[in-house]
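Trainee: For reference, this is work20.txt, and it has compact mmCIF, N, CA and C atoms.
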# COMPACT_ATOMS: atom_id res chain seq x y z
N MET W 1 160.02 16.41 -139.71
CA MET W 1 159.16 17.58 -139.65
C MET W 1 159.15 18.11 -138.22
N ILE W 2 159.28 19.44 -138.10
CA ILE W 2 159.30 20.08 -136.79
C ILE W 2 157.95 20.75 -136.58
N ASN W 3 157.38 20.57 -135.41
CA ASN W 3 156.11 21.19 -135.06
C ASN W 3 156.34 22.15 -133.89
N ILE W 4 156.10 23.42 -134.12
CA ILE W 4 156.28 24.42 -133.07
C ILE W 4 154.91 24.99 -132.72
N SER W 5 154.64 25.08 -131.44
CA SER W 5 153.37 25.68 -131.02
C SER W 5 153.67 26.73 -129.96
N VAL W 6 152.94 27.81 -130.02
CA VAL W 6 153.13 28.93 -129.08
C VAL W 6 151.79 29.23 -128.44
N HIS W 7 151.83 29.46 -127.15
CA HIS W 7 150.63 29.86 -126.42
C HIS W 7 150.95 31.17 -125.70
N ALA W 8 150.20 32.22 -125.97
CA ALA W 8 150.42 33.52 -125.31
C ALA W 8 149.20 33.86 -124.48
N ALA W 9 149.44 34.20 -123.24
CA ALA W 9 148.35 34.61 -122.35
C ALA W 9 148.23 36.14 -122.41
N THR W 10 147.07 36.60 -122.69
CA THR W 10 146.85 38.05 -122.78
C THR W 10 145.99 38.50 -121.62
N HIS W 11 146.53 39.41 -120.86
CA HIS W 11 145.77 39.99 -119.76
C HIS W 11 146.32 41.38 -119.49
N GLY W 12 145.60 42.14 -118.76
CA GLY W 12 146.02 43.50 -118.43
C GLY W 12 145.19 44.54 -119.16
N PRO W 13 145.44 45.82 -118.88
CA PRO W 13 144.59 46.89 -119.41
C PRO W 13 144.64 47.02 -120.93
N LEU W 14 145.75 46.63 -121.53
CA LEU W 14 145.85 46.74 -122.99
C LEU W 14 144.90 45.77 -123.69
N PHE W 15 144.69 44.62 -123.08
CA PHE W 15 143.88 43.59 -123.72
C PHE W 15 142.42 43.59 -123.27
N THR W 16 142.13 44.19 -122.14
CA THR W 16 140.75 44.21 -121.64
C THR W 16 139.95 45.39 -122.18
N GLY W 17 140.62 46.34 -122.82
CA GLY W 17 139.92 47.53 -123.32
C GLY W 17 139.92 48.67 -122.32
N HIS W 18 140.43 48.41 -121.13
CA HIS W 18 140.45 49.44 -120.09
C HIS W 18 141.33 50.63 -120.50
N LEU W 19 142.49 50.35 -121.09
CA LEU W 19 143.39 51.41 -121.52
C LEU W 19 142.74 52.27 -122.60
N ARG W 20 142.08 51.62 -123.54
CA ARG W 20 141.42 52.36 -124.62
C ARG W 20 140.36 53.32 -124.06
N ARG W 21 139.58 52.83 -123.09
CA ARG W 21 138.56 53.68 -122.46
C ARG W 21 139.20 54.85 -121.72
N GLU W 22 140.25 54.56 -120.96
CA GLU W 22 140.93 55.62 -120.19
C GLU W 22 141.50 56.69 -121.10
N VAL W 23 142.15 56.26 -122.19
CA VAL W 23 142.73 57.23 -123.13
C VAL W 23 141.62 58.01 -123.83
N GLY W 24 140.52 57.37 -124.16
CA GLY W 24 139.38 58.08 -124.75
C GLY W 24 138.83 59.15 -123.83
N HIS W 25 138.69 58.81 -122.55
CA HIS W 25 138.23 59.81 -121.57
C HIS W 25 139.26 60.93 -121.42
N ALA W 26 140.54 60.57 -121.48
CA ALA W 26 141.60 61.57 -121.35
C ALA W 26 141.59 62.55 -122.51
N VAL W 27 141.33 62.05 -123.71
CA VAL W 27 141.26 62.94 -124.88
C VAL W 27 140.10 63.92 -124.72
N ASP W 28 138.94 63.42 -124.28
CA ASP W 28 137.80 64.31 -124.02
C ASP W 28 138.15 65.35 -122.96
N GLU W 29 138.80 64.90 -121.89
CA GLU W 29 139.19 65.81 -120.81
C GLU W 29 140.18 66.86 -121.32
N ALA W 30 141.13 66.44 -122.15
CA ALA W 30 142.12 67.37 -122.70
C ALA W 30 141.46 68.42 -123.60
N GLU W 31 140.52 68.00 -124.43
CA GLU W 31 139.83 68.95 -125.31
C GLU W 31 139.08 69.99 -124.48
N GLN W 32 138.40 69.53 -123.44
CA GLN W 32 137.66 70.45 -122.58
C GLN W 32 138.62 71.40 -121.85
N GLU W 33 139.71 70.87 -121.34
CA GLU W 33 140.68 71.69 -120.62
C GLU W 33 141.32 72.73 -121.53
N ILE W 34 141.64 72.35 -122.76
CA ILE W 34 142.23 73.30 -123.71
C ILE W 34 141.25 74.42 -124.01
N ALA W 35 139.98 74.08 -124.22
CA ALA W 35 138.96 75.11 -124.48
C ALA W 35 138.79 76.01 -123.27
N THR W 36 138.80 75.45 -122.07
CA THR W 36 138.63 76.24 -120.85
C THR W 36 139.81 77.19 -120.65
N VAL W 37 141.02 76.68 -120.79
CA VAL W 37 142.22 77.52 -120.62
C VAL W 37 142.27 78.58 -121.71
N GLY W 38 141.90 78.21 -122.94
CA GLY W 38 141.88 79.17 -124.03
C GLY W 38 140.88 80.30 -123.79
N ALA W 39 139.69 79.96 -123.28
CA ALA W 39 138.68 80.98 -122.98
C ALA W 39 139.15 81.89 -121.86
N GLU W 40 139.79 81.31 -120.84
CA GLU W 40 140.33 82.14 -119.75
C GLU W 40 141.39 83.09 -120.27
N HIS W 41 142.26 82.61 -121.14
CA HIS W 41 143.30 83.46 -121.71
C HIS W 41 142.69 84.60 -122.53
N LEU W 42 141.68 84.26 -123.31
CA LEU W 42 141.02 85.27 -124.14
C LEU W 42 140.34 86.32 -123.27
N ARG W 43 139.66 85.89 -122.21
CA ARG W 43 139.02 86.86 -121.29
C ARG W 43 140.07 87.75 -120.62
N ASP W 44 141.18 87.16 -120.21
CA ASP W 44 142.25 87.95 -119.59
C ASP W 44 142.84 88.94 -120.59
N ASP W 45 142.99 88.51 -121.83
CA ASP W 45 143.55 89.38 -122.88
C ASP W 45 142.66 90.59 -123.14
N LEU W 46 141.36 90.40 -123.00
CA LEU W 46 140.43 91.50 -123.28
C LEU W 46 140.50 92.61 -122.24
N GLY W 47 141.07 92.37 -121.10
CA GLY W 47 141.15 93.39 -120.07
C GLY W 47 142.44 94.19 -120.12
N MET W 48 143.28 93.92 -121.11
CA MET W 48 144.59 94.57 -121.18
C MET W 48 144.67 95.47 -122.40
N PRO W 49 145.67 96.39 -122.43
CA PRO W 49 145.86 97.21 -123.63
C PRO W 49 146.06 96.30 -124.83
N PRO W 50 145.61 96.64 -125.99
CA PRO W 50 145.20 97.96 -126.47
C PRO W 50 143.71 98.25 -126.30
N PHE W 51 143.00 97.45 -125.54
CA PHE W 51 141.56 97.65 -125.42
C PHE W 51 141.27 98.98 -124.74
N LYS W 52 140.44 99.77 -125.35
CA LYS W 52 140.10 101.10 -124.85
C LYS W 52 139.02 100.96 -123.81
N ARG W 53 138.17 101.17 -123.39
CA ARG W 53 137.11 101.12 -122.39
C ARG W 53 136.36 99.78 -122.35
N PRO W 54 136.99 98.71 -121.87
CA PRO W 54 136.25 97.45 -121.82
C PRO W 54 135.14 97.51 -120.77
N THR W 55 133.95 97.06 -121.16
CA THR W 55 132.80 97.11 -120.26
C THR W 55 132.61 95.82 -119.49
N GLY W 56 133.18 94.74 -119.97
CA GLY W 56 132.99 93.45 -119.32
C GLY W 56 131.87 92.62 -119.93
N TRP W 57 130.99 93.25 -120.69
CA TRP W 57 129.86 92.52 -121.30
C TRP W 57 130.37 91.48 -122.29
N TYR W 58 131.19 91.93 -123.24
CA TYR W 58 131.72 91.00 -124.24
C TYR W 58 132.58 89.93 -123.55
N ARG W 59 133.41 90.37 -122.65
CA ARG W 59 134.30 89.47 -121.91
C ARG W 59 133.52 88.37 -121.17
N SER W 60 132.39 88.74 -120.60
CA SER W 60 131.60 87.77 -119.83
C SER W 60 130.91 86.75 -120.72
N HIS W 61 130.84 87.00 -122.01
CA HIS W 61 130.17 86.08 -122.92
C HIS W 61 131.12 85.12 -123.62
N ILE W 62 132.40 85.19 -123.32
CA ILE W 62 133.37 84.27 -123.91
C ILE W 62 133.42 83.02 -123.04
N THR W 63 133.02 81.91 -123.62
CA THR W 63 132.93 80.66 -122.86
C THR W 63 133.36 79.47 -123.73
N PRO W 64 133.84 78.41 -123.07
CA PRO W 64 134.03 77.16 -123.81
C PRO W 64 132.69 76.45 -123.92
N LYS W 65 132.47 75.78 -125.04
CA LYS W 65 131.19 75.09 -125.24
C LYS W 65 131.42 73.86 -126.09
N LYS W 66 130.71 72.79 -125.78
CA LYS W 66 130.81 71.58 -126.57
C LYS W 66 129.73 71.60 -127.64
N LEU W 67 130.17 71.54 -128.89
CA LEU W 67 129.25 71.48 -130.02
C LEU W 67 129.42 70.12 -130.68
N GLY W 68 128.49 69.23 -130.42
CA GLY W 68 128.62 67.87 -130.91
C GLY W 68 129.78 67.19 -130.22
N ALA W 69 130.78 66.76 -130.99
CA ALA W 69 131.94 66.08 -130.41
C ALA W 69 133.13 67.02 -130.22
N VAL W 70 132.94 68.31 -130.52
CA VAL W 70 134.06 69.25 -130.53
C VAL W 70 133.87 70.35 -129.49
N TRP W 71 134.92 70.68 -128.78
CA TRP W 71 134.90 71.81 -127.85
C TRP W 71 135.36 73.06 -128.60
N VAL W 72 134.63 74.16 -128.41
CA VAL W 72 134.97 75.43 -129.05
C VAL W 72 135.00 76.53 -128.00
N ILE W 73 135.66 77.63 -128.36
CA ILE W 73 135.62 78.84 -127.56
C ILE W 73 134.76 79.80 -128.36
N GLN W 74 133.74 80.36 -127.73
CA GLN W 74 132.79 81.19 -128.47
C GLN W 74 132.42 82.43 -127.67
N ASP W 75 131.91 83.43 -128.38
CA ASP W 75 131.51 84.67 -127.71
C ASP W 75 130.00 84.78 -127.58
N SER W 76 129.32 83.67 -127.62
CA SER W 76 127.86 83.58 -127.44
C SER W 76 127.09 84.42 -128.45
N GLY W 77 127.68 84.67 -129.60
CA GLY W 77 126.99 85.41 -130.65
C GLY W 77 126.80 86.88 -130.38
N VAL W 78 127.65 87.49 -129.55
CA VAL W 78 127.54 88.94 -129.30
C VAL W 78 127.64 89.65 -130.64
N VAL W 79 126.69 90.51 -130.92
CA VAL W 79 126.55 91.08 -132.26
C VAL W 79 127.77 91.89 -132.71
N TYR W 80 128.48 92.51 -131.81
CA TYR W 80 129.64 93.31 -132.22
C TYR W 80 130.96 92.55 -132.07
N GLY W 81 130.89 91.25 -131.80
CA GLY W 81 132.09 90.42 -131.67
C GLY W 81 132.97 90.43 -132.91
N PRO W 82 132.41 90.22 -134.11
CA PRO W 82 133.24 90.26 -135.31
C PRO W 82 133.90 91.63 -135.54
N TRP W 83 133.22 92.70 -135.16
CA TRP W 83 133.79 94.04 -135.31
C TRP W 83 134.99 94.21 -134.38
N LEU W 84 134.87 93.74 -133.13
CA LEU W 84 136.00 93.81 -132.20
C LEU W 84 137.17 92.97 -132.69
N ALA W 85 136.86 91.84 -133.32
CA ALA W 85 137.91 90.94 -133.81
C ALA W 85 138.55 91.44 -135.10
N GLY W 86 137.89 92.37 -135.79
CA GLY W 86 138.43 92.89 -137.04
C GLY W 86 138.03 92.09 -138.25
N THR W 87 136.99 91.27 -138.12
CA THR W 87 136.56 90.41 -139.24
C THR W 87 135.23 90.84 -139.84
N SER W 88 134.66 91.92 -139.35
CA SER W 88 133.36 92.40 -139.83
C SER W 88 133.53 93.23 -141.10
N SER W 89 132.49 93.29 -141.90
CA SER W 89 132.53 94.15 -143.08
C SER W 89 132.62 95.63 -142.67
N ARG W 90 132.17 95.94 -141.46
CA ARG W 90 132.25 97.33 -140.98
C ARG W 90 133.68 97.77 -140.74
N ASN W 91 134.57 96.83 -140.49
CA ASN W 91 135.98 97.18 -140.28
C ASN W 91 136.61 97.77 -141.54
N HIS W 92 136.05 97.41 -142.69
CA HIS W 92 136.59 97.93 -143.96
C HIS W 92 136.14 99.36 -144.22
N THR W 93 135.06 99.78 -143.58
CA THR W 93 134.53 101.12 -143.84
C THR W 93 134.87 102.10 -142.72
N THR W 94 135.53 101.64 -141.67
CA THR W 94 135.93 102.52 -140.57
C THR W 94 137.44 102.42 -140.36
N ARG W 95 137.97 103.30 -139.53
CA ARG W 95 139.40 103.25 -139.24
C ARG W 95 139.76 102.12 -138.29
N PHE W 96 138.79 101.62 -137.56
CA PHE W 96 139.05 100.59 -136.57
C PHE W 96 139.31 99.25 -137.25
N ARG W 97 140.48 98.68 -137.04
CA ARG W 97 140.86 97.43 -137.69
C ARG W 97 140.66 96.21 -136.81
N GLY W 98 140.22 96.39 -135.59
CA GLY W 98 139.98 95.26 -134.68
C GLY W 98 141.16 95.04 -133.76
N TYR W 99 140.93 94.25 -132.74
CA TYR W 99 141.95 93.99 -131.73
C TYR W 99 142.75 92.71 -131.98
N ASN W 100 142.32 91.87 -132.87
CA ASN W 100 143.01 90.61 -133.19
C ASN W 100 143.16 89.69 -131.98
N HIS W 101 142.25 89.80 -131.04
CA HIS W 101 142.33 88.98 -129.83
C HIS W 101 142.11 87.50 -130.11
N TRP W 102 141.32 87.18 -131.12
CA TRP W 102 141.10 85.77 -131.45
C TRP W 102 142.36 85.15 -132.02
N ARG W 103 143.11 85.90 -132.83
CA ARG W 103 144.36 85.37 -133.38
C ARG W 103 145.37 85.08 -132.27
N ARG W 104 145.44 85.98 -131.29
CA ARG W 104 146.34 85.75 -130.16
C ARG W 104 145.89 84.54 -129.34
N ALA W 105 144.58 84.37 -129.19
CA ALA W 105 144.06 83.22 -128.44
C ALA W 105 144.38 81.92 -129.17
N ILE W 106 144.26 81.91 -130.48
CA ILE W 106 144.59 80.71 -131.26
C ILE W 106 146.06 80.36 -131.09
N ALA W 107 146.92 81.37 -131.14
CA ALA W 107 148.36 81.13 -130.96
C ALA W 107 148.63 80.55 -129.57
N HIS W 108 147.95 81.06 -128.55
CA HIS W 108 148.12 80.56 -127.19
C HIS W 108 147.64 79.11 -127.08
N VAL W 109 146.49 78.82 -127.63
CA VAL W 109 145.95 77.45 -127.59
C VAL W 109 146.89 76.49 -128.32
N ASN W 110 147.44 76.93 -129.45
CA ASN W 110 148.38 76.07 -130.18
C ASN W 110 149.64 75.80 -129.35
N ARG W 111 150.09 76.77 -128.56
CA ARG W 111 151.27 76.58 -127.72
C ARG W 111 151.01 75.62 -126.56
N ILE W 112 149.84 75.69 -125.95
CA ILE W 112 149.57 74.90 -124.75
C ILE W 112 148.98 73.53 -125.03
N SER W 113 148.45 73.29 -126.21
CA SER W 113 147.70 72.06 -126.49
C SER W 113 148.52 70.80 -126.30
N ARG W 114 149.68 70.75 -126.89
CA ARG W 114 150.49 69.53 -126.84
C ARG W 114 150.92 69.18 -125.41
N PRO W 115 151.57 70.12 -124.66
CA PRO W 115 151.99 69.75 -123.31
C PRO W 115 150.81 69.39 -122.39
N LEU W 116 149.71 70.11 -122.53
CA LEU W 116 148.54 69.84 -121.69
C LEU W 116 147.95 68.47 -122.01
N THR W 117 147.84 68.14 -123.29
CA THR W 117 147.31 66.85 -123.70
C THR W 117 148.24 65.71 -123.26
N ASP W 118 149.54 65.91 -123.44
CA ASP W 118 150.50 64.88 -123.01
C ASP W 118 150.36 64.59 -121.52
N LYS W 119 150.21 65.64 -120.72
CA LYS W 119 150.10 65.47 -119.27
C LYS W 119 148.83 64.69 -118.90
N ILE W 120 147.72 65.03 -119.53
CA ILE W 120 146.44 64.38 -119.21
C ILE W 120 146.44 62.93 -119.67
N ILE W 121 146.99 62.65 -120.85
CA ILE W 121 147.03 61.27 -121.34
C ILE W 121 147.99 60.43 -120.50
N ALA W 122 149.12 60.99 -120.10
CA ALA W 122 150.05 60.25 -119.23
C ALA W 122 149.38 59.89 -117.91
N ARG W 123 148.59 60.81 -117.37
CA ARG W 123 147.87 60.53 -116.13
C ARG W 123 146.87 59.39 -116.33
N ALA W 124 146.21 59.38 -117.49
CA ALA W 124 145.24 58.32 -117.78
C ALA W 124 145.93 56.96 -117.92
N ILE W 125 147.09 56.95 -118.53
CA ILE W 125 147.82 55.69 -118.70
C ILE W 125 148.27 55.16 -117.35
N ARG W 126 148.71 56.05 -116.46
CA ARG W 126 149.08 55.62 -115.10
C ARG W 126 147.88 55.05 -114.36
N ARG W 127 146.71 55.70 -114.53
CA ARG W 127 145.49 55.20 -113.89
C ARG W 127 145.12 53.81 -114.40
N ALA W 128 145.32 53.59 -115.69
CA ALA W 128 144.93 52.31 -116.28
C ALA W 128 145.81 51.16 -115.78
N GLY W 129 146.97 51.50 -115.29
CA GLY W 129 147.83 50.49 -114.67
C GLY W 129 148.71 49.84 -115.65
Would it be possible to restate this file's structure as structure tokens?
Mentor:
Amino acid sequence: MINISVHAATHGPLFTGHLRREVGHAVDEAEQEIATVGAEHLRDDLGMPPFKRPTGWYRSHITPKKLGAVWVIQDSGVVYGPWLAGTSSRNHTTRFRGYNHWRRAIAHVNRISRPLTDKIIARAIRRAG
């Protein structure tokens, strides 16, 4: 009869939970950064054509905000926000179809999310050692 025994020593960030904490913080940081960059892009988009006389009021109310565990980009409930976006019931009764700025912002966020998240998580893994 053969008796084999193995002893493995576990140490380092993977086994102490340090890596898990660092990656968790990195995911939170990435979500916040994506919302911040997305809000900046949306505000910049509002100052360009096809927007007709932008006043800055609506633009100044677009902010990233944490709602529970999720980061969102919001317009602070500006009453004419849905009309500008083209999603209001009033858009069906007028010629104005909206600027579609939220759709463009979503496309931008979808483009930047992966590379930005990869960069932040890689930085966290390097920090964890």
Trainee: Between W:His18, W:Pro82, W:Val23, W:Ile34, which is the closest to Val109 (chain W) once you count all atoms listed in the file?
Mentor: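 The shortest atom-to-atom distance to Val109 (chain W) comes from W:Ile34.
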Trainee: Of the candidates W:Ile125, W:Leu42, W:Ile62, W:Val37, which one gets nearest to Trp102 (chain W) if we count all atoms listed in the file?
Mentor: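 Smallest distance to Trp102 (chain W) is found for W:Leu42.
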Trainee: To one decimal place in Å, what is the distance between atom C of Pro115 (chain W) and atom C of His41 (chain W)?
Mentor: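 Computing it gives 17.2 Å between the two atoms.
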Trainee: Suppose you want the space between CA of Val27 (chain W) and atom C of Ala124 (chain W); what is it in Å?
Mentor: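 Atom-to-atom, CA of Val27 (chain W) and atom C of Ala124 (chain W) are spaced 10.3 Å apart.
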Trainee: Determine the nearest neighbour of Ala39 (chain W) from the options W:Thr16, W:Gln74, W:Thr55, W:Thr117, counting all atoms listed in the file.
Mentor: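 The answer is W:Gln74, which sits nearest to Ala39 (chain W).
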Trainee: Can you tell me how far atom C of Phe96 (chain W) sits from CA of His108 (chain W), in Å to one decimal?
Mentor: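 Spanning atom C of Phe96 (chain W) to CA of His108 (chain W) is a straight-line distance of 23.0 Å.
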Trainee: Chain W: which residues are strand (DSSP E or B) by DSSP, as a VMD selection string?
Mentor: chain W and resid 63 to 67 70 to 74
Trainee: Given the selection you just returned, output its residues as a file containing N, CA and C atoms, formatted as a short mmCIF file (atom, residue, chain, number, x, y, z; two decimals), in the coordinates of the input.
Mentor:
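result-v9.cif was written with the following content:
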data_model
loop_
_atom_site.label_atom_id
_atom_site.label_comp_id
_atom_site.auth_asym_id
_atom_site.auth_seq_id
_atom_site.Cartn_x
_atom_site.Cartn_y
_atom_site.Cartn_z
N THR W 63 133.02 81.91 -123.62
CA THR W 63 132.93 80.66 -122.86
C THR W 63 133.36 79.47 -123.73
N PRO W 64 133.84 78.41 -123.07
CA PRO W 64 134.03 77.16 -123.81
C PRO W 64 132.69 76.45 -123.92
N LYS W 65 132.47 75.78 -125.04
CA LYS W 65 131.19 75.09 -125.24
C LYS W 65 131.42 73.86 -126.09
N LYS W 66 130.71 72.79 -125.78
CA LYS W 66 130.81 71.58 -126.57
C LYS W 66 129.73 71.60 -127.64
N LEU W 67 130.17 71.54 -128.89
CA LEU W 67 129.25 71.48 -130.02
C LEU W 67 129.42 70.12 -130.68
N VAL W 70 132.94 68.31 -130.52
CA VAL W 70 134.06 69.25 -130.53
C VAL W 70 133.87 70.35 -129.49
N TRP W 71 134.92 70.68 -128.78
CA TRP W 71 134.90 71.81 -127.85
C TRP W 71 135.36 73.06 -128.60
N VAL W 72 134.63 74.16 -128.41
CA VAL W 72 134.97 75.43 -129.05
C VAL W 72 135.00 76.53 -128.00
N ILE W 73 135.66 77.63 -128.36
CA ILE W 73 135.62 78.84 -127.56
C ILE W 73 134.76 79.80 -128.36
N GLN W 74 133.74 80.36 -127.73
CA GLN W 74 132.79 81.19 -128.47
C GLN W 74 132.42 82.43 -127.67
#
Trainee: Would you compute the box with edges along x, y and z of the file around region 63-71 of chain W, including every atom the file lists for it and 8 Å extra on each side, and give its centre and edge lengths in Å to one decimal, as JSON?
Mentor:
{"center_x": 131.9, "center_y": 74.0, "center_z": -126.9, "size_x": 22.9, "size_y": 31.8, "size_z": 24.1}
Trainee: Please determine, counting only C-alpha atoms, which residue among W:Met48, W:Ala35, W:Val79, W:Leu116 has the shortest atom-to-atom distance to Pro64 (chain W).
Mentor: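 When distances to Pro64 (chain W) are compared using only C-alpha atoms, the smallest one comes from W:Ala35.
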Trainee: Mind checking which residues fall within 8 Å of Arg123 (chain W), counting only N, CA and C atoms, ignoring those fewer than 6 positions away in the same chain, and posting them as a PyMOL selection string?
Mentor: chain W and resi 22+26+117+129
Trainee: May I ask which of the residues W:Arg59, W:Lys52, W:Lys119, W:Lys66 is the closest one to Tyr99 (chain W), counting only C-alpha atoms?
Mentor: W:Lys52
Trainee: Among chain W, which ones does DSSP assign to alpha helix (DSSP H) (computed from the backbone)? Answer as number ranges by chain.
Mentor: W: 13-16, 18-46, 57-60, 81-85, 101-128
Trainee: Nearest to Lys65 (chain W): which of W:Ser88, W:Pro50, W:Asp45, W:Thr36 is it, counting all atoms listed in the file?
Mentor: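 Under the stated criterion, the closest residue is W:Thr36.
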